[in-house]
$ cat upload.txt   # compact mmCIF, C-alpha atoms
# COMPACT_ATOMS: atom_id res chain seq x y z
CA MET A 1 108.76 99.28 112.65
CA PRO A 2 107.94 102.09 115.10
CA ILE A 3 110.84 104.30 116.17
CA GLY A 4 112.43 102.83 119.29
CA ALA A 5 110.91 99.36 118.78
CA PRO A 6 113.28 96.40 119.26
CA ASP A 7 114.82 95.02 116.09
CA TYR A 8 113.78 91.46 116.83
CA VAL A 9 114.94 89.92 113.57
CA ALA A 10 118.42 91.44 113.78
CA PHE A 11 118.74 90.18 117.34
CA ALA A 12 117.53 86.67 116.44
CA SER A 13 119.85 86.58 113.43
CA ASP A 14 122.91 87.55 115.46
CA VAL A 15 122.15 84.97 118.14
CA ALA A 16 121.44 82.25 115.58
CA ARG A 17 124.86 82.86 114.02
CA GLU A 18 126.50 82.66 117.44
CA ALA A 19 124.75 79.40 118.21
CA GLY A 20 125.66 78.05 114.78
CA ALA A 21 129.32 78.63 115.57
CA VAL A 22 128.86 76.58 118.74
CA LEU A 23 127.40 73.72 116.70
CA MET A 24 130.29 73.76 114.25
CA ARG A 25 132.80 73.48 117.09
CA HIS A 26 131.13 70.20 118.05
CA TYR A 27 130.38 68.93 114.54
CA ARG A 28 131.87 65.53 113.61
CA SER A 29 133.37 65.16 117.08
CA VAL A 30 130.20 64.93 119.11
CA GLY A 31 129.12 62.27 121.57
CA VAL A 32 125.55 61.03 121.28
CA GLU A 33 123.17 60.07 124.05
CA TYR A 34 119.73 58.57 123.56
CA LYS A 35 116.43 59.86 124.90
CA GLY A 36 114.08 56.88 124.79
CA SER A 37 114.64 54.44 121.95
CA PHE A 38 115.76 56.71 119.12
CA ASP A 39 115.91 60.42 120.02
CA THR A 40 119.47 61.67 120.10
CA VAL A 41 120.73 64.53 122.20
CA THR A 42 124.22 65.89 122.18
CA ALA A 43 126.47 68.26 124.02
CA ALA A 44 126.05 70.54 121.03
CA ASP A 45 122.28 70.84 121.61
CA ARG A 46 122.80 71.87 125.19
CA ALA A 47 125.63 74.32 124.56
CA SER A 48 123.73 75.99 121.72
CA GLU A 49 120.57 76.25 123.78
CA ARG A 50 122.36 77.74 126.80
CA LEU A 51 123.79 80.47 124.60
CA VAL A 52 120.46 81.33 122.95
CA VAL A 53 118.45 81.28 126.17
CA ASP A 54 121.04 83.39 127.99
CA ARG A 55 121.05 85.97 125.18
CA ILE A 56 117.25 86.21 125.12
CA ARG A 57 116.90 86.48 128.89
CA ALA A 58 119.55 89.19 129.04
CA ARG A 59 117.93 91.25 126.27
CA PHE A 60 114.22 90.51 126.86
CA PRO A 61 113.83 89.36 130.49
CA ALA A 62 110.03 89.71 130.43
CA HIS A 63 109.59 87.39 127.43
CA SER A 64 108.80 83.68 127.73
CA ILE A 65 111.03 81.06 126.12
CA VAL A 66 110.13 77.58 124.93
CA ALA A 67 113.27 75.59 124.14
CA GLU A 68 113.76 71.98 123.05
CA GLU A 69 116.21 70.87 125.72
CA GLY A 70 114.18 72.32 128.59
CA GLY A 71 116.10 75.52 129.16
CA GLY A 72 113.09 77.75 128.65
CA PHE A 73 111.46 80.28 130.92
CA ASP A 74 107.76 81.00 131.47
CA ALA A 75 107.36 84.71 132.13
CA GLY A 76 103.64 84.72 131.43
CA ASP A 77 104.29 87.45 128.88
CA GLU A 78 102.53 88.16 125.58
CA PHE A 79 105.76 87.36 123.73
CA THR A 80 107.25 83.87 123.43
CA TRP A 81 110.51 82.80 121.81
CA TYR A 82 110.58 79.32 120.29
CA VAL A 83 114.13 77.98 120.27
CA ASP A 84 115.44 74.90 118.53
CA PRO A 85 119.18 74.96 119.23
CA LEU A 86 119.83 72.14 116.77
CA ASP A 87 117.09 71.22 114.32
CA GLY A 88 118.24 68.08 112.53
CA THR A 89 119.97 66.45 115.48
CA THR A 90 120.00 63.00 113.89
CA ASN A 91 121.62 64.40 110.74
CA PHE A 92 124.17 66.22 112.89
CA ALA A 93 125.00 63.10 114.88
CA HIS A 94 125.59 61.12 111.68
CA GLY A 95 127.66 63.80 109.97
CA LEU A 96 125.00 64.76 107.43
CA GLU A 97 125.16 68.45 106.50
CA ARG A 98 121.49 69.30 107.00
CA PHE A 99 120.88 71.00 110.34
CA CYS A 100 120.32 74.50 111.70
CA VAL A 101 119.55 76.82 114.58
CA SER A 102 115.95 78.06 114.65
CA ILE A 103 114.79 81.07 116.70
CA GLY A 104 111.26 82.44 116.34
CA LEU A 105 109.29 85.11 118.20
CA TRP A 106 105.50 84.97 118.47
CA SER A 107 102.87 87.03 120.21
CA ARG A 108 99.33 85.94 121.02
CA SER A 109 98.26 87.30 117.63
CA GLY A 110 100.85 85.43 115.53
CA GLY A 111 104.45 85.20 114.39
CA LEU A 112 106.60 88.31 114.62
CA ALA A 113 110.15 87.37 113.64
CA GLY A 114 112.23 84.37 112.75
CA ALA A 115 115.82 83.42 112.01
CA VAL A 116 116.98 80.03 110.72
CA PHE A 117 120.74 79.62 110.35
CA ASP A 118 122.44 76.80 108.45
CA PRO A 119 126.04 77.00 109.71
CA VAL A 120 127.46 74.55 107.16
CA ARG A 121 126.44 76.72 104.21
CA ASP A 122 126.51 80.01 106.12
CA ASP A 123 122.90 80.52 105.05
CA LEU A 124 120.73 82.79 107.18
CA PHE A 125 117.00 82.92 106.54
CA ALA A 126 115.44 85.88 108.32
CA ALA A 127 112.02 87.49 108.36
CA GLU A 128 110.00 89.98 110.34
CA VAL A 129 106.28 90.45 109.95
CA GLY A 130 105.51 92.98 107.23
CA SER A 131 109.11 93.20 105.99
CA GLY A 132 109.55 90.18 103.69
CA ALA A 133 111.77 87.12 103.94
CA TYR A 134 115.46 87.05 103.13
CA LEU A 135 118.27 84.58 102.56
CA ASN A 136 121.60 86.29 103.30
CA SER A 137 119.99 89.69 102.60
CA ARG A 138 118.51 88.53 99.27
CA ARG A 139 114.73 88.52 99.21
CA VAL A 140 113.10 85.13 98.65
CA ARG A 141 109.64 84.24 97.36
CA VAL A 142 107.61 81.07 97.14
CA SER A 143 107.22 79.25 93.81
CA ASP A 144 104.44 79.83 91.29
CA VAL A 145 103.63 76.12 90.87
CA SER A 146 99.86 75.71 90.90
CA GLU A 147 99.29 72.07 89.96
CA LEU A 148 99.74 69.38 92.60
CA ALA A 149 101.14 66.98 90.00
CA ASN A 150 103.96 69.42 89.20
CA GLY A 151 104.88 70.16 92.79
CA LEU A 152 107.80 68.93 94.89
CA PHE A 153 106.96 68.45 98.55
CA ALA A 154 108.69 67.70 101.84
CA THR A 155 107.71 65.94 105.03
CA GLY A 156 109.29 64.31 108.04
CA PHE A 157 108.89 61.40 110.40
CA PRO A 158 109.60 61.15 114.12
CA SER A 159 112.68 59.24 115.18
CA SER A 160 110.59 57.47 117.82
CA ILE A 161 107.14 55.80 117.67
CA ARG A 162 107.73 55.22 113.98
CA ASP A 163 105.63 52.07 113.92
CA THR A 164 102.47 53.93 115.00
CA ASN A 165 102.95 57.22 113.16
CA PRO A 166 100.31 57.59 110.41
CA ASN A 167 102.42 59.82 108.17
CA LEU A 168 103.55 56.89 106.02
CA HIS A 169 99.99 56.71 104.69
CA TYR A 170 99.99 60.42 103.81
CA TYR A 171 103.44 60.05 102.28
CA HIS A 172 102.26 57.26 99.99
CA GLU A 173 99.39 59.30 98.58
CA VAL A 174 101.30 62.56 98.15
CA ALA A 175 104.24 60.77 96.53
CA ARG A 176 101.92 59.09 94.01
CA CYS A 177 100.06 62.31 93.13
CA THR A 178 102.94 64.78 92.84
CA HIS A 179 106.36 65.23 91.30
CA GLY A 180 107.88 63.81 94.47
CA VAL A 181 108.36 63.99 98.24
CA ARG A 182 111.62 64.57 100.07
CA ARG A 183 112.48 63.87 103.71
CA THR A 184 115.52 65.93 104.74
CA GLY A 185 115.40 65.70 108.54
CA SER A 186 115.01 69.40 109.38
CA ALA A 187 111.53 70.91 109.49
CA ALA A 188 112.88 74.44 109.89
CA LEU A 189 115.00 74.18 106.75
CA ASP A 190 112.14 72.49 104.89
CA LEU A 191 109.88 75.45 105.64
CA CYS A 192 112.60 77.80 104.42
CA ALA A 193 112.94 75.71 101.26
CA VAL A 194 109.23 76.30 100.61
CA ALA A 195 109.82 80.01 101.25
CA GLN A 196 112.56 80.15 98.61
CA GLY A 197 110.61 78.11 96.07
CA HIS A 198 112.64 74.90 96.18
CA PHE A 199 109.69 72.99 97.63
CA ASP A 200 106.08 73.84 96.82
CA GLY A 201 104.68 72.53 100.07
CA PHE A 202 105.40 70.75 103.32
CA TRP A 203 103.39 68.81 105.85
CA GLU A 204 104.24 66.97 109.04
CA LEU A 205 102.54 65.51 112.09
CA GLY A 206 103.52 65.96 115.71
CA LEU A 207 106.03 68.79 115.36
CA LYS A 208 106.89 70.80 118.44
CA SER A 209 106.57 74.58 118.63
CA TRP A 210 110.35 75.07 118.45
CA ASP A 211 110.50 73.09 115.19
CA VAL A 212 108.34 75.60 113.31
CA GLY A 213 108.39 78.86 115.29
CA ALA A 214 110.89 80.59 113.00
CA GLY A 215 110.24 78.78 109.73
CA LEU A 216 106.56 79.70 109.61
CA VAL A 217 107.41 83.40 109.88
CA VAL A 218 109.92 83.07 107.03
CA LEU A 219 107.34 81.16 104.96
CA THR A 220 104.52 83.68 105.35
CA GLU A 221 106.77 86.65 104.69
CA ALA A 222 107.86 84.92 101.46
CA GLY A 223 104.23 84.73 100.32
CA GLY A 224 103.33 81.28 101.61
CA GLU A 225 100.63 80.15 103.99
CA PHE A 226 100.05 77.46 106.58
CA PHE A 227 97.16 75.60 108.14
CA ALA A 228 96.33 72.74 110.44
CA LEU A 229 95.97 69.35 108.77
CA ASP A 230 92.18 69.79 108.62
CA GLY A 231 92.50 73.25 107.04
CA GLY A 232 91.88 75.13 110.26
CA THR A 233 94.11 77.57 112.11
CA TYR A 234 97.52 76.27 113.14
CA ARG A 235 99.59 77.48 116.06
CA PRO A 236 103.12 76.22 116.84
CA GLY A 237 102.88 72.88 118.58
CA GLY A 238 99.59 71.84 116.97
CA PRO A 239 99.09 68.18 115.96
CA GLY A 240 99.75 68.65 112.24
CA VAL A 241 100.88 71.47 109.95
CA VAL A 242 100.48 72.02 106.21
CA ALA A 243 102.57 74.79 104.62
CA THR A 244 102.50 75.73 100.94
CA ASN A 245 103.26 78.36 98.34
CA GLY A 246 99.60 79.40 98.54
CA ARG A 247 98.79 78.00 95.10
CA VAL A 248 98.56 74.29 95.84
CA THR A 249 96.96 74.64 99.27
CA ALA A 250 93.42 73.57 98.37
CA ALA A 251 94.57 70.55 96.37
CA LEU A 252 97.04 69.39 99.03
CA LEU A 253 94.56 69.82 101.88
CA ASP A 254 91.96 67.91 99.85
CA LEU A 255 94.38 65.04 99.26
CA LEU A 256 95.47 64.90 102.89
CA GLY A 257 91.83 65.06 103.93
CA ASP A 258 91.08 61.98 101.85
CA VAL A 259 93.82 60.10 103.67
CA SER A 260 92.53 61.27 107.05
CA SER A 261 89.11 59.92 106.10
CA GLY A 262 90.50 56.57 105.01
CA ARG A 263 89.99 57.15 101.28
CA ARG A 264 92.84 56.05 99.01
CA ARG A 265 93.18 57.56 95.55
CA THR A 266 95.95 55.18 94.53
CA PRO A 267 95.49 51.53 95.56
CA ILE A 268 98.59 49.66 96.66
CA PRO A 269 99.64 47.53 93.66
CA SER A 270 100.07 43.80 93.89
CA PRO A 271 103.64 42.53 94.20
CA VAL A 272 105.24 41.62 90.90
CA ALA A 273 105.60 37.87 90.54
$ encode --input "upload.txt" --output "C-alpha cells"
Amino acid sequence: MPIGAPDYVAFASDVAREAGAVLMRHYRSVGVEYKGSFDTVTAADRASERLVVDRIRARFPAHSIVAEEGGGFDAGDEFTWYVDPLDGTTNFAHGLERFCVSIGLWSRSGGLAGAVFDPVRDDLFAAEVGSGAYLNSRRVRVSDVSELANGLFATGFPSSIRDTNPNLHYYHEVARCTHGVRRTGSAALDLCAVAQGHFDGFWELGLKSWDVGAGLVVLTEAGGEFFALDGGTYRPGGPGVVATNGRVTAALLDLLGDVSSGRRRTPIPSPVA
C-alpha cells in the first residue's frame, strides 16, 4: 500500500465489529416485519446499517455506498462500498447463529477490500487486494480439492419467489454429482467458507451487490476465483455467481451449463412403490 494511502481493510474491519455489536444487542429479542411475502427486516438491520453508513460517510464522503436497507449514497465516485448490515436476516430472526456484517469496497476495476464479521463466533474475515485473506489475523487459503465428486459446495435460495426460482434444478444436479451441497442462509459467510477451504465452491442466483461485495474480495485473496454463471465476468449484483477454489471451476461451470441448457446428467428416479 502506498505511503499515506487509506487503510481500507482496517477501517472496514473496525466498523464491521461495531455493527456486529449492534446486532448482538438485538439478537433473540428482535421484532420482525415482513417485506412482501417472506423477506424479513428488523430493527437490527436498520440500526446496523445506520452505523456503517454514518462511519463511511464521515471517513470517505466522496465514496458511493450501496446498502441493503436503502441507506446508501450515490456520490458518482470511482469507489463504491457495498454494505450488508445483516446478512442472514432470516437466520437472525429465528435465533439461528449464522449471520454477519459484510462491508466491501470496489472500484471500477474490481474489489479492493472486504470485511465479514460473524459476531456470534467473534470471527473476522478480512482481505485487501494484494495482501491475502485472514481470519482473525490468521491467513486462510482455499482447499486443494480438484475433483467435483470429492467437493463440498454451498448455495442459497431466495426467501421470496421460491416457486419460480430455477436454483432447485441446479441444486439437484450438483448434489447428485458431488460430496454434497449445504444451504446455510448467508452468502457472505459461504464465500468466506470457500476462502478458508471448508467449502470447495459456491453458486447462487439473484444475489445483490451487498451480499457478495466483501466475500468475493476475501475469496480471491485466499486463492479462489469467481465467474458469472455462464463463465463470463461477474460484477456484484449480476444475475448469477459461481465461486470456487480455482481447481473445480471448469467442472462446476460445465455441470451448471448443462442445467442451463436443459440437459440432465442424473434422471429423477421413479418413486419407490
$ closest_atom_pairs --input "upload.txt" --of "stretch 115-186 of chain A" --to "stretch 214-232 of chain A" --cutoff "6 Å" --atoms "only C-alpha atoms" --output "CSV"
residue,atom,partner,partner_atom,distance
A:Ala115,CA,A:Ala214,CA,5.8
A:Ala127,CA,A:Val218,CA,5.1
A:Gly132,CA,A:Glu221,CA,4.6
A:Ala133,CA,A:Glu221,CA,5.1
A:Val140,CA,A:Ala222,CA,5.9
A:Arg141,CA,A:Ala222,CA,4.5
A:Val142,CA,A:Ala222,CA,5.8
$ atom_distance --input "upload.txt" --atom1 "atom CA of A:Asp87" --atom2 "atom CA of A:Phe199"
18.3 Å
$ closest_residue --input "upload.txt" --among "A:Leu253, A:Ala75, A:Leu135, A:Val53" --to "A:Leu189" --atoms "only C-alpha atoms"
A:Leu135
$ atom_distance --input "upload.txt" --atom1 "atom CA of A:Leu51" --atom2 "atom CA of A:Pro239"
28.9 Å
$ atom_distance --input "upload.txt" --atom1 "atom CA of A:Leu255" --atom2 "atom CA of A:Asn150"
14.6 Å
$ residues_around --input "upload.txt" --residues "stretch 184-187 of chain A" --least-positions-apart "6" --cutoff "9 Å" --atoms "only C-alpha atoms" --output "ChimeraX atom specification"
/A:87-91,98-100,154-157,202,204,207,211-212,215
$ closest_residue --input "upload.txt" --among "A:Glu18, A:Asp144, A:Glu128, A:Asp200" --to "A:Arg55" --atoms "only C-alpha atoms"
A:Glu18
$ closest_residue --input "upload.txt" --among "A:Arg235, A:Asp7, A:His198, A:Ser146" --to "A:Tyr82" --atoms "all atoms listed in the file"
A:Arg235
$ closest_residue --input "upload.txt" --among "A:Gly130, A:Gly70, A:Gly237, A:Gly197" --to "A:Trp210" --atoms "all atoms listed in the file"
A:Gly237
$ closest_residue --input "upload.txt" --among "A:Ser209, A:Thr233, A:Asn165, A:Ser143" --to "A:Ile103" --atoms "only C-alpha atoms"
A:Ser209
$ build_atoms --input "upload.txt" --residues "stretch 218-229 of chain A" --atoms "all heavy atoms" --output "PDB file, in the coordinates of the input"
ATOM      1  N   VAL A 218     109.211  82.935 108.308  1.00  0.00           N
ATOM      2  CA  VAL A 218     109.920  83.070 107.030  1.00  0.00           C
ATOM      3  C   VAL A 218     108.994  82.705 105.874  1.00  0.00           C
ATOM      4  O   VAL A 218     108.931  83.414 104.857  1.00  0.00           O
ATOM      5  CB  VAL A 218     111.181  82.169 107.018  1.00  0.00           C
ATOM      6  CG1 VAL A 218     111.853  82.203 105.650  1.00  0.00           C
ATOM      7  CG2 VAL A 218     112.164  82.608 108.104  1.00  0.00           C
ATOM      8  N   LEU A 219     108.255  81.619 106.020  1.00  0.00           N
ATOM      9  CA  LEU A 219     107.340  81.160 104.960  1.00  0.00           C
ATOM     10  C   LEU A 219     106.296  82.220 104.619  1.00  0.00           C
ATOM     11  O   LEU A 219     106.089  82.558 103.446  1.00  0.00           O
ATOM     12  CB  LEU A 219     106.648  79.879 105.413  1.00  0.00           C
ATOM     13  CG  LEU A 219     105.498  79.423 104.517  1.00  0.00           C
ATOM     14  CD1 LEU A 219     106.022  78.731 103.280  1.00  0.00           C
ATOM     15  CD2 LEU A 219     104.529  78.527 105.286  1.00  0.00           C
ATOM     16  N   THR A 220     105.600  82.741 105.630  1.00  0.00           N
ATOM     17  CA  THR A 220     104.520  83.680 105.350  1.00  0.00           C
ATOM     18  C   THR A 220     105.039  84.983 104.765  1.00  0.00           C
ATOM     19  O   THR A 220     104.410  85.574 103.884  1.00  0.00           O
ATOM     20  CB  THR A 220     103.693  83.959 106.614  1.00  0.00           C
ATOM     21  OG1 THR A 220     104.563  84.373 107.672  1.00  0.00           O
ATOM     22  CG2 THR A 220     102.952  82.715 107.044  1.00  0.00           C
ATOM     23  N   GLU A 221     106.206  85.421 105.233  1.00  0.00           N
ATOM     24  CA  GLU A 221     106.770  86.650 104.690  1.00  0.00           C
ATOM     25  C   GLU A 221     107.286  86.467 103.261  1.00  0.00           C
ATOM     26  O   GLU A 221     107.500  87.444 102.537  1.00  0.00           O
ATOM     27  CB  GLU A 221     107.880  87.162 105.595  1.00  0.00           C
ATOM     28  CG  GLU A 221     107.365  87.790 106.877  1.00  0.00           C
ATOM     29  CD  GLU A 221     106.431  88.970 106.598  1.00  0.00           C
ATOM     30  OE1 GLU A 221     106.850  89.910 105.893  1.00  0.00           O
ATOM     31  OE2 GLU A 221     105.283  88.933 107.071  1.00  0.00           O
ATOM     32  N   ALA A 222     107.472  85.211 102.847  1.00  0.00           N
ATOM     33  CA  ALA A 222     107.860  84.920 101.460  1.00  0.00           C
ATOM     34  C   ALA A 222     106.645  84.714 100.561  1.00  0.00           C
ATOM     35  O   ALA A 222     106.792  84.418  99.370  1.00  0.00           O
ATOM     36  CB  ALA A 222     108.741  83.680 101.413  1.00  0.00           C
ATOM     37  N   GLY A 223     105.449  84.858 101.118  1.00  0.00           N
ATOM     38  CA  GLY A 223     104.230  84.730 100.320  1.00  0.00           C
ATOM     39  C   GLY A 223     103.505  83.416 100.497  1.00  0.00           C
ATOM     40  O   GLY A 223     102.493  83.172  99.832  1.00  0.00           O
ATOM     41  N   GLY A 224     103.983  82.552 101.389  1.00  0.00           N
ATOM     42  CA  GLY A 224     103.330  81.280 101.610  1.00  0.00           C
ATOM     43  C   GLY A 224     102.251  81.361 102.676  1.00  0.00           C
ATOM     44  O   GLY A 224     101.971  82.433 103.222  1.00  0.00           O
ATOM     45  N   GLU A 225     101.669  80.212 102.980  1.00  0.00           N
ATOM     46  CA  GLU A 225     100.630  80.150 103.990  1.00  0.00           C
ATOM     47  C   GLU A 225     100.671  78.797 104.687  1.00  0.00           C
ATOM     48  O   GLU A 225     101.263  77.842 104.173  1.00  0.00           O
ATOM     49  CB  GLU A 225      99.249  80.395 103.376  1.00  0.00           C
ATOM     50  CG  GLU A 225      98.865  79.416 102.289  1.00  0.00           C
ATOM     51  CD  GLU A 225      97.564  79.799 101.590  1.00  0.00           C
ATOM     52  OE1 GLU A 225      97.073  80.925 101.787  1.00  0.00           O
ATOM     53  OE2 GLU A 225      97.030  78.950 100.838  1.00  0.00           O
ATOM     54  N   PHE A 226     100.043  78.718 105.846  1.00  0.00           N
ATOM     55  CA  PHE A 226     100.050  77.460 106.580  1.00  0.00           C
ATOM     56  C   PHE A 226      98.729  77.261 107.303  1.00  0.00           C
ATOM     57  O   PHE A 226      98.022  78.218 107.632  1.00  0.00           O
ATOM     58  CB  PHE A 226     101.219  77.418 107.578  1.00  0.00           C
ATOM     59  CG  PHE A 226     101.169  78.466 108.660  1.00  0.00           C
ATOM     60  CD1 PHE A 226     100.509  78.231 109.862  1.00  0.00           C
ATOM     61  CD2 PHE A 226     101.790  79.697 108.478  1.00  0.00           C
ATOM     62  CE1 PHE A 226     100.467  79.197 110.854  1.00  0.00           C
ATOM     63  CE2 PHE A 226     101.763  80.668 109.474  1.00  0.00           C
ATOM     64  CZ  PHE A 226     101.096  80.409 110.664  1.00  0.00           C
ATOM     65  N   PHE A 227      98.416  75.985 107.521  1.00  0.00           N
ATOM     66  CA  PHE A 227      97.160  75.600 108.140  1.00  0.00           C
ATOM     67  C   PHE A 227      97.375  74.353 108.987  1.00  0.00           C
ATOM     68  O   PHE A 227      98.409  73.687 108.885  1.00  0.00           O
ATOM     69  CB  PHE A 227      96.096  75.282 107.073  1.00  0.00           C
ATOM     70  CG  PHE A 227      95.754  76.435 106.186  1.00  0.00           C
ATOM     71  CD1 PHE A 227      96.456  76.650 105.013  1.00  0.00           C
ATOM     72  CD2 PHE A 227      94.742  77.313 106.527  1.00  0.00           C
ATOM     73  CE1 PHE A 227      96.157  77.719 104.190  1.00  0.00           C
ATOM     74  CE2 PHE A 227      94.431  78.383 105.713  1.00  0.00           C
ATOM     75  CZ  PHE A 227      95.136  78.595 104.539  1.00  0.00           C
ATOM     76  N   ALA A 228      96.373  74.033 109.796  1.00  0.00           N
ATOM     77  CA  ALA A 228      96.330  72.740 110.440  1.00  0.00           C
ATOM     78  C   ALA A 228      95.998  71.686 109.384  1.00  0.00           C
ATOM     79  O   ALA A 228      95.564  72.007 108.268  1.00  0.00           O
ATOM     80  CB  ALA A 228      95.286  72.725 111.555  1.00  0.00           C
ATOM     81  N   LEU A 229      96.184  70.432 109.725  1.00  0.00           N
ATOM     82  CA  LEU A 229      95.970  69.350 108.770  1.00  0.00           C
ATOM     83  C   LEU A 229      94.535  69.330 108.239  1.00  0.00           C
ATOM     84  O   LEU A 229      94.288  68.939 107.092  1.00  0.00           O
ATOM     85  CB  LEU A 229      96.294  68.003 109.437  1.00  0.00           C
ATOM     86  CG  LEU A 229      96.488  66.805 108.521  1.00  0.00           C
ATOM     87  CD1 LEU A 229      97.732  66.970 107.653  1.00  0.00           C
ATOM     88  CD2 LEU A 229      96.592  65.524 109.356  1.00  0.00           C
TER      89      LEU A 229
END
